[in-house]
>>> print(open('model_20.cif').read())   # mmCIF, C-alpha atoms and all ligand atoms
data_run
#
loop_
_atom_site.label_atom_id
_atom_site.label_comp_id
_atom_site.auth_asym_id
_atom_site.auth_seq_id
_atom_site.Cartn_x
_atom_site.Cartn_y
_atom_site.Cartn_z
CA MET A 1 89.15 112.70 109.49
CA LYS A 2 87.03 111.20 112.21
CA ILE A 3 85.21 107.84 112.02
CA THR A 4 82.21 107.04 114.19
CA ALA A 5 80.71 103.55 114.36
CA SER A 6 77.41 103.16 116.20
CA ASN A 7 76.26 99.74 117.36
CA ILE A 8 77.64 97.97 114.32
CA GLY A 9 77.41 94.25 113.84
CA LYS A 10 78.28 91.89 111.00
CA ARG A 11 76.69 88.55 110.28
CA TYR A 12 77.65 86.06 107.59
CA ASN A 13 74.78 83.63 106.99
CA ARG A 14 73.62 82.74 110.53
CA ASP A 15 76.88 83.58 112.30
CA TRP A 16 77.44 86.92 113.97
CA ILE A 17 81.13 87.80 113.62
CA PHE A 18 80.80 90.75 116.05
CA LYS A 19 77.95 92.75 117.55
CA ASN A 20 77.35 96.04 119.37
CA VAL A 21 80.62 97.73 118.38
CA SER A 22 80.49 101.46 119.05
CA VAL A 23 83.78 103.20 118.56
CA SER A 24 84.99 106.65 117.66
CA VAL A 25 88.34 107.17 115.97
CA GLU A 26 89.30 110.81 116.38
CA ASN A 27 90.94 112.84 113.64
CA CYS A 28 94.62 111.89 113.25
CA SER A 29 94.50 109.25 116.00
CA THR A 30 95.41 105.57 115.76
CA LEU A 31 93.23 102.58 116.63
CA ALA A 32 94.38 98.95 116.73
CA ILE A 33 91.96 96.04 116.36
CA THR A 34 93.37 92.91 117.95
CA GLY A 35 92.24 89.31 118.29
CA ALA A 36 92.97 85.72 117.42
CA ASN A 37 92.90 84.23 113.90
CA GLY A 38 89.37 84.19 112.53
CA SER A 39 88.03 86.47 115.28
CA GLY A 40 86.84 89.16 112.87
CA LYS A 41 89.59 91.80 112.76
CA SER A 42 89.68 92.01 108.96
CA THR A 43 85.89 92.05 108.79
CA LEU A 44 85.70 94.94 111.26
CA LEU A 45 88.42 96.81 109.36
CA GLN A 46 86.43 96.36 106.13
CA VAL A 47 83.28 97.67 107.80
CA LEU A 48 85.07 100.66 109.39
CA SER A 49 86.51 101.59 105.99
CA SER A 50 83.11 101.19 104.26
CA LEU A 51 84.52 98.43 102.05
CA THR A 52 81.79 96.18 103.49
CA VAL A 53 78.41 97.25 104.84
CA PRO A 54 77.51 96.34 108.43
CA THR A 55 74.50 94.05 108.94
CA VAL A 56 73.31 96.45 111.65
CA GLY A 57 74.43 99.89 112.79
CA THR A 58 76.10 102.76 110.97
CA VAL A 59 79.59 104.02 110.18
CA SER A 60 80.01 107.76 109.55
CA PHE A 61 82.99 109.78 108.35
CA PHE A 62 83.63 113.43 109.19
CA SER A 63 86.07 116.02 107.94
CA GLY A 64 85.84 118.67 110.65
CA THR A 65 82.08 118.88 111.16
CA ASP A 66 81.25 117.96 107.54
CA LYS A 67 79.88 114.48 106.99
CA ILE A 68 81.59 112.76 104.06
CA GLU A 69 79.33 110.80 101.74
CA ASP A 70 80.30 107.26 100.71
CA SER A 71 80.76 108.34 97.08
CA ASP A 72 83.52 110.75 98.19
CA LEU A 73 85.33 108.33 100.45
CA TYR A 74 87.47 106.29 98.04
CA LYS A 75 89.82 109.16 97.31
CA ARG A 76 90.43 109.72 101.03
CA ILE A 77 91.25 106.09 101.88
CA SER A 78 94.41 104.01 101.58
CA TYR A 79 94.02 100.32 102.42
CA VAL A 80 96.61 97.57 102.64
CA SER A 81 95.70 93.93 103.22
CA PRO A 82 97.10 90.50 102.38
CA TYR A 83 94.06 89.74 100.17
CA GLN A 84 94.45 92.96 98.13
CA GLU A 85 95.62 92.42 94.56
CA ILE A 86 98.08 94.61 92.73
CA ILE A 87 98.24 94.65 88.97
CA GLU A 88 100.91 92.10 88.26
CA GLU A 89 101.34 92.85 84.55
CA MET A 90 102.63 96.36 85.27
CA THR A 91 106.16 97.46 86.04
CA LEU A 92 106.65 99.60 89.14
CA ALA A 93 106.85 102.77 87.03
CA GLU A 94 103.55 101.88 85.31
CA MET A 95 101.97 101.08 88.67
CA LEU A 96 102.95 104.46 90.11
CA GLN A 97 101.60 106.27 87.05
CA PHE A 98 98.32 104.32 87.25
CA HIS A 99 97.99 104.92 91.01
CA GLN A 100 98.47 108.64 90.53
CA SER A 101 95.47 108.85 88.23
CA PHE A 102 93.50 108.34 91.50
CA LYS A 103 95.74 109.56 94.32
CA GLN A 104 98.86 111.67 94.48
CA LEU A 105 102.07 110.25 95.90
CA SER A 106 104.68 112.26 97.77
CA ILE A 107 107.39 110.30 95.91
CA LYS A 108 106.55 110.08 92.21
CA ASP A 109 109.76 108.84 90.64
CA SER A 110 109.93 105.05 90.44
CA ALA A 111 113.64 104.77 91.37
CA ALA A 112 113.09 106.99 94.42
CA PHE A 113 109.93 105.05 95.33
CA ALA A 114 111.81 101.74 95.03
CA ALA A 115 114.60 103.12 97.23
CA TYR A 116 112.00 104.28 99.78
CA CYS A 117 110.48 100.78 99.84
CA GLY A 118 113.90 99.07 99.94
CA ILE A 119 113.37 97.23 96.65
CA SER A 120 115.85 99.01 94.39
CA LYS A 121 117.24 95.66 93.21
CA GLY A 122 114.80 94.27 90.67
CA GLN A 123 112.60 97.34 90.42
CA ASN A 124 112.41 97.09 86.62
CA LYS A 125 110.78 93.65 86.60
CA GLU A 126 107.05 93.23 86.15
CA ILE A 127 105.39 93.21 89.54
CA ARG A 128 104.38 89.55 88.99
CA ASN A 129 108.06 88.68 89.33
CA PHE A 130 108.52 90.54 92.62
CA SER A 131 108.87 88.38 95.74
CA SER A 132 105.96 88.38 98.21
CA GLY A 133 107.89 90.72 100.52
CA MET A 134 108.64 93.12 97.64
CA LYS A 135 104.93 93.18 96.72
CA GLN A 136 104.03 93.92 100.33
CA ARG A 137 106.55 96.77 100.41
CA VAL A 138 104.98 98.22 97.23
CA LYS A 139 101.48 98.00 98.73
CA LEU A 140 102.68 99.70 101.92
CA GLY A 141 104.65 102.33 100.00
CA LEU A 142 101.59 103.24 97.90
CA ALA A 143 99.46 103.59 101.03
CA LEU A 144 101.98 105.38 103.24
CA LEU A 145 102.93 107.92 100.57
CA SER A 146 99.43 108.69 99.23
CA ASP A 147 97.78 111.99 100.05
CA THR A 148 94.90 110.30 101.90
CA PRO A 149 93.77 111.24 105.42
CA LEU A 150 92.62 107.68 106.24
CA LEU A 151 94.98 104.72 106.42
CA PHE A 152 93.73 101.16 106.98
CA LEU A 153 96.34 98.45 107.55
CA ASP A 154 95.47 94.76 107.80
CA GLU A 155 98.41 92.65 109.02
CA PRO A 156 100.87 95.22 107.63
CA THR A 157 104.04 93.18 108.12
CA SER A 158 102.75 90.06 106.30
CA ASN A 159 105.59 88.61 104.24
CA LEU A 160 108.10 91.20 105.53
CA ASP A 161 111.45 90.18 106.97
CA GLU A 162 112.80 91.71 110.18
CA GLN A 163 114.30 94.67 108.34
CA GLY A 164 111.02 95.21 106.48
CA SER A 165 109.04 95.13 109.72
CA LYS A 166 111.37 97.77 111.21
CA TRP A 167 110.97 99.88 108.06
CA TYR A 168 107.16 99.67 108.40
CA VAL A 169 107.25 100.74 112.08
CA ASN A 170 109.63 103.58 111.29
CA GLU A 171 107.55 104.90 108.38
CA VAL A 172 104.12 104.53 109.97
CA THR A 173 105.40 106.26 113.11
CA LYS A 174 106.18 109.33 110.99
CA LEU A 175 102.47 109.53 110.09
CA LEU A 176 101.18 109.47 113.68
CA GLY A 177 99.19 112.62 114.35
CA LYS A 178 99.00 113.34 110.61
CA LYS A 179 96.50 110.68 109.47
CA THR A 180 93.69 108.68 111.02
CA ILE A 181 95.08 105.14 111.14
CA ILE A 182 93.38 101.81 111.90
CA ILE A 183 95.46 98.64 112.13
CA ALA A 184 94.11 95.07 112.35
CA SER A 185 96.78 92.87 113.86
CA ASN A 186 97.74 90.23 116.37
CA ILE A 187 101.42 91.18 116.33
CA PRO A 188 102.06 93.77 119.10
CA GLU A 189 105.00 95.41 117.25
CA GLU A 190 102.64 96.34 114.37
CA TYR A 191 100.45 98.53 116.58
CA ALA A 192 102.43 99.28 119.78
CA PHE A 193 102.10 103.03 119.10
CA ALA A 194 98.26 103.03 118.84
CA GLN A 195 96.41 105.26 121.31
CA LYS A 196 93.39 102.99 121.44
CA VAL A 197 93.10 99.19 121.24
CA LEU A 198 89.84 97.41 120.49
CA LYS A 199 89.81 93.71 121.42
CA ILE A 200 87.42 92.02 119.03
CA SER A 201 86.82 89.25 121.61
CA ASP A 202 84.88 91.80 123.69
CA TYR A 203 82.27 91.95 120.91
CA ILE A 204 81.79 88.29 120.04
CA LEU A 205 78.70 86.68 121.52
N1 LIG A 301 82.60 86.61 102.96
C1 LIG A 301 82.50 85.80 104.02
N2 LIG A 301 81.53 84.88 104.09
C2 LIG A 301 81.40 84.05 105.16
N3 LIG A 301 82.20 84.12 106.23
C3 LIG A 301 83.19 85.03 106.23
C4 LIG A 301 83.40 85.92 105.13
N4 LIG A 301 84.44 86.72 105.41
C5 LIG A 301 84.89 86.34 106.63
N5 LIG A 301 84.13 85.34 107.12
C6 LIG A 301 84.29 84.69 108.42
O1 LIG A 301 84.35 85.69 109.41
C7 LIG A 301 85.21 85.26 110.48
C8 LIG A 301 86.21 86.36 110.76
O2 LIG A 301 87.12 86.45 109.65
P1 LIG A 301 88.22 87.59 109.57
O3 LIG A 301 88.98 87.39 108.31
O4 LIG A 301 87.58 88.89 109.79
O5 LIG A 301 89.13 87.23 110.85
P2 LIG A 301 90.55 87.79 111.29
O6 LIG A 301 90.46 88.06 112.76
O7 LIG A 301 90.97 88.91 110.42
O8 LIG A 301 91.45 86.51 111.04
P3 LIG A 301 93.03 86.34 110.70
O9 LIG A 301 93.80 86.80 111.92
O10 LIG A 301 93.15 84.87 110.50
O11 LIG A 301 93.32 87.13 109.47
C9 LIG A 301 85.82 83.94 110.05
O12 LIG A 301 85.10 82.90 110.67
C10 LIG A 301 85.60 83.92 108.55
O13 LIG A 301 85.45 82.62 108.06
#
>>> encode(input="model_20.cif", output="structure tokens", more="lines below")
Ligand SMILES: Nc1ncnc2c1ncn2[C@@H]1O[C@H](COP(=O)(O)OP(=O)(O)OP(=O)(O)O)[C@@H](O)[C@H]1O
Amino acid sequence: MKITASNIGKRYNRDWIFKNVSVSVENCSTLAITGANGSGKSTLLQVLSSLTVPTVGTVSFFSGTDKIEDSDLYKRISYVSPYQEIIEEMTLAEMLQFHQSFKQLSIKDSAAFAAYCGISKGQNKEIRNFSSGMKQRVKLGLALLSDTPLLFLDEPTSNLDEQGSKWYVNEVTKLLGKKTIIIASNIPEEYAFAQKVLKISDYIL
């Protein structure tokens, strides 16, 4: 899928976070949004995924030449961010079953999913008892393995150790050219493979 943003800007109260962003993310390409803490990366990611509306400008989504309406978008999007909640009362098996009532996963079995994410030890606990790194691996696993053409990643290696960060790079690299991917990050290793880099500082007035 292709994403086109035309002259978008976002203001909270009186403060413009960014202005005049026009960017096109081609089908199955990868864009990185970079910038310092508080510069507006997450906000731009939210706007480009239609999670948040822009104050000005428009964001459009296309599958081939067909424009996709907002009401049809949720099933085409996977989104991972540090502020995203997962349902802590569920076990991993329950979580996978619940997730698949919305989106299909290429690995359905919970033991195989846990092995994929590198969390085989402790997989039968409730998610609330997972460590922060285990939770992040579950969030990433759900997004990377879902049958969605759009993948949005906000600080994808948050809470991951070195091995986890390598796992993320390895797995996301396998999806290059297969999904449209946007990554908000200020860690070069998280987005080194992106074809296009948007520096948010170029759009702050
Ligand atoms: N709902 C909101 N209401 C008011 N201000 C907000 C809101 N959401 C974000 N902001 C402000 O927008 C600015 C950009 O925040 P954002 O989270 O997009 O930055 P970021 O570049 O992702 O930062 P970090 O690298 O620290 O995660 C910050 O000044 C933040 O306080």
>>> residues_near_ligand(input="model_20.cif", ligand="ligand LIG 301 (chain A)", cutoff="6 Å", atoms="all atoms listed in the file", output="PyMOL selection string")
chain A and resi 12+17+35-43
>>> residues_around(input="model_20.cif", residues="Thr173 of chain A", least_positions_apart="3", cutoff="12 Å", atoms="all atoms listed in the file", output="ChimeraX atom specification")
/A:29-30,144,166-170,176-179,181,189-194
>>> atom_distance(input="model_20.cif", atom1="atom CA of Ser158 of chain A", atom2="atom CA of Val53 of chain A")
25.4 Å
>>> residues_around(input="model_20.cif", residues="Glu171 of chain A", least_positions_apart="5", cutoff="12 Å", atoms="only C-alpha atoms", output="PyMOL selection string")
chain A and resi 116-117+137+140-141+143-145+156+164-166+176+190
>>> closest_residue(input="model_20.cif", among="A:Ile86, A:Leu151, A:Val172, A:Val80", to="Val25 of chain A", atoms="only C-alpha atoms")
A:Leu151
>>> closest_residue(input="model_20.cif", among="A:Leu153, A:Val197, A:Ala111, A:Leu160", to="Ser131 of chain A", atoms="all atoms listed in the file")
A:Leu160
>>> residues_around(input="model_20.cif", residues="Lys103 of chain A", least_positions_apart="4", cutoff="10 Å", atoms="only C-alpha atoms", output="PDB file with C-alpha atoms, in the coordinates of the input")
ATOM      1  CA  TYR A  74      87.470 106.290  98.040  1.00  0.00           C
ATOM      2  CA  LYS A  75      89.820 109.160  97.310  1.00  0.00           C
ATOM      3  CA  ARG A  76      90.430 109.720 101.030  1.00  0.00           C
ATOM      4  CA  ILE A  77      91.250 106.090 101.880  1.00  0.00           C
ATOM      5  CA  SER A  78      94.410 104.010 101.580  1.00  0.00           C
ATOM      6  CA  LEU A  96     102.950 104.460  90.110  1.00  0.00           C
ATOM      7  CA  GLN A  97     101.600 106.270  87.050  1.00  0.00           C
ATOM      8  CA  PHE A  98      98.320 104.320  87.250  1.00  0.00           C
ATOM      9  CA  HIS A  99      97.990 104.920  91.010  1.00  0.00           C
ATOM     10  CA  LEU A 142     101.590 103.240  97.900  1.00  0.00           C
ATOM     11  CA  ALA A 143      99.460 103.590 101.030  1.00  0.00           C
ATOM     12  CA  LEU A 145     102.930 107.920 100.570  1.00  0.00           C
ATOM     13  CA  SER A 146      99.430 108.690  99.230  1.00  0.00           C
ATOM     14  CA  ASP A 147      97.780 111.990 100.050  1.00  0.00           C
ATOM     15  CA  THR A 148      94.900 110.300 101.900  1.00  0.00           C
TER      16      THR A 148
END
>>> residues_around(input="model_20.cif", residues="Phe130 of chain A", least_positions_apart="5", cutoff="10 Å", atoms="only C-alpha atoms", output="PyMOL selection string")
chain A and resi 88+91-92+119+122-125+135-136+138
>>> write_last_selection(input="model_20.cif", atoms="C-alpha atoms", output="compact mmCIF listing (two decimals), in the coordinates of the input")
# COMPACT_ATOMS: atom_id res chain seq x y z
CA GLU A 88 100.91 92.10 88.26
CA THR A 91 106.16 97.46 86.04
CA LEU A 92 106.65 99.60 89.14
CA ILE A 119 113.37 97.23 96.65
CA GLY A 122 114.80 94.27 90.67
CA GLN A 123 112.60 97.34 90.42
CA ASN A 124 112.41 97.09 86.62
CA LYS A 125 110.78 93.65 86.60
CA LYS A 135 104.93 93.18 96.72
CA GLN A 136 104.03 93.92 100.33
CA VAL A 138 104.98 98.22 97.23
>>> atom_distance(input="model_20.cif", atom1="atom CA of Thr58 of chain A", atom2="atom CA of Leu44 of chain A")
12.4 Å
>>> atom_distance(input="model_20.cif", atom1="atom CA of Ser101 of chain A", atom2="atom CA of Gln46 of chain A")
23.6 Å
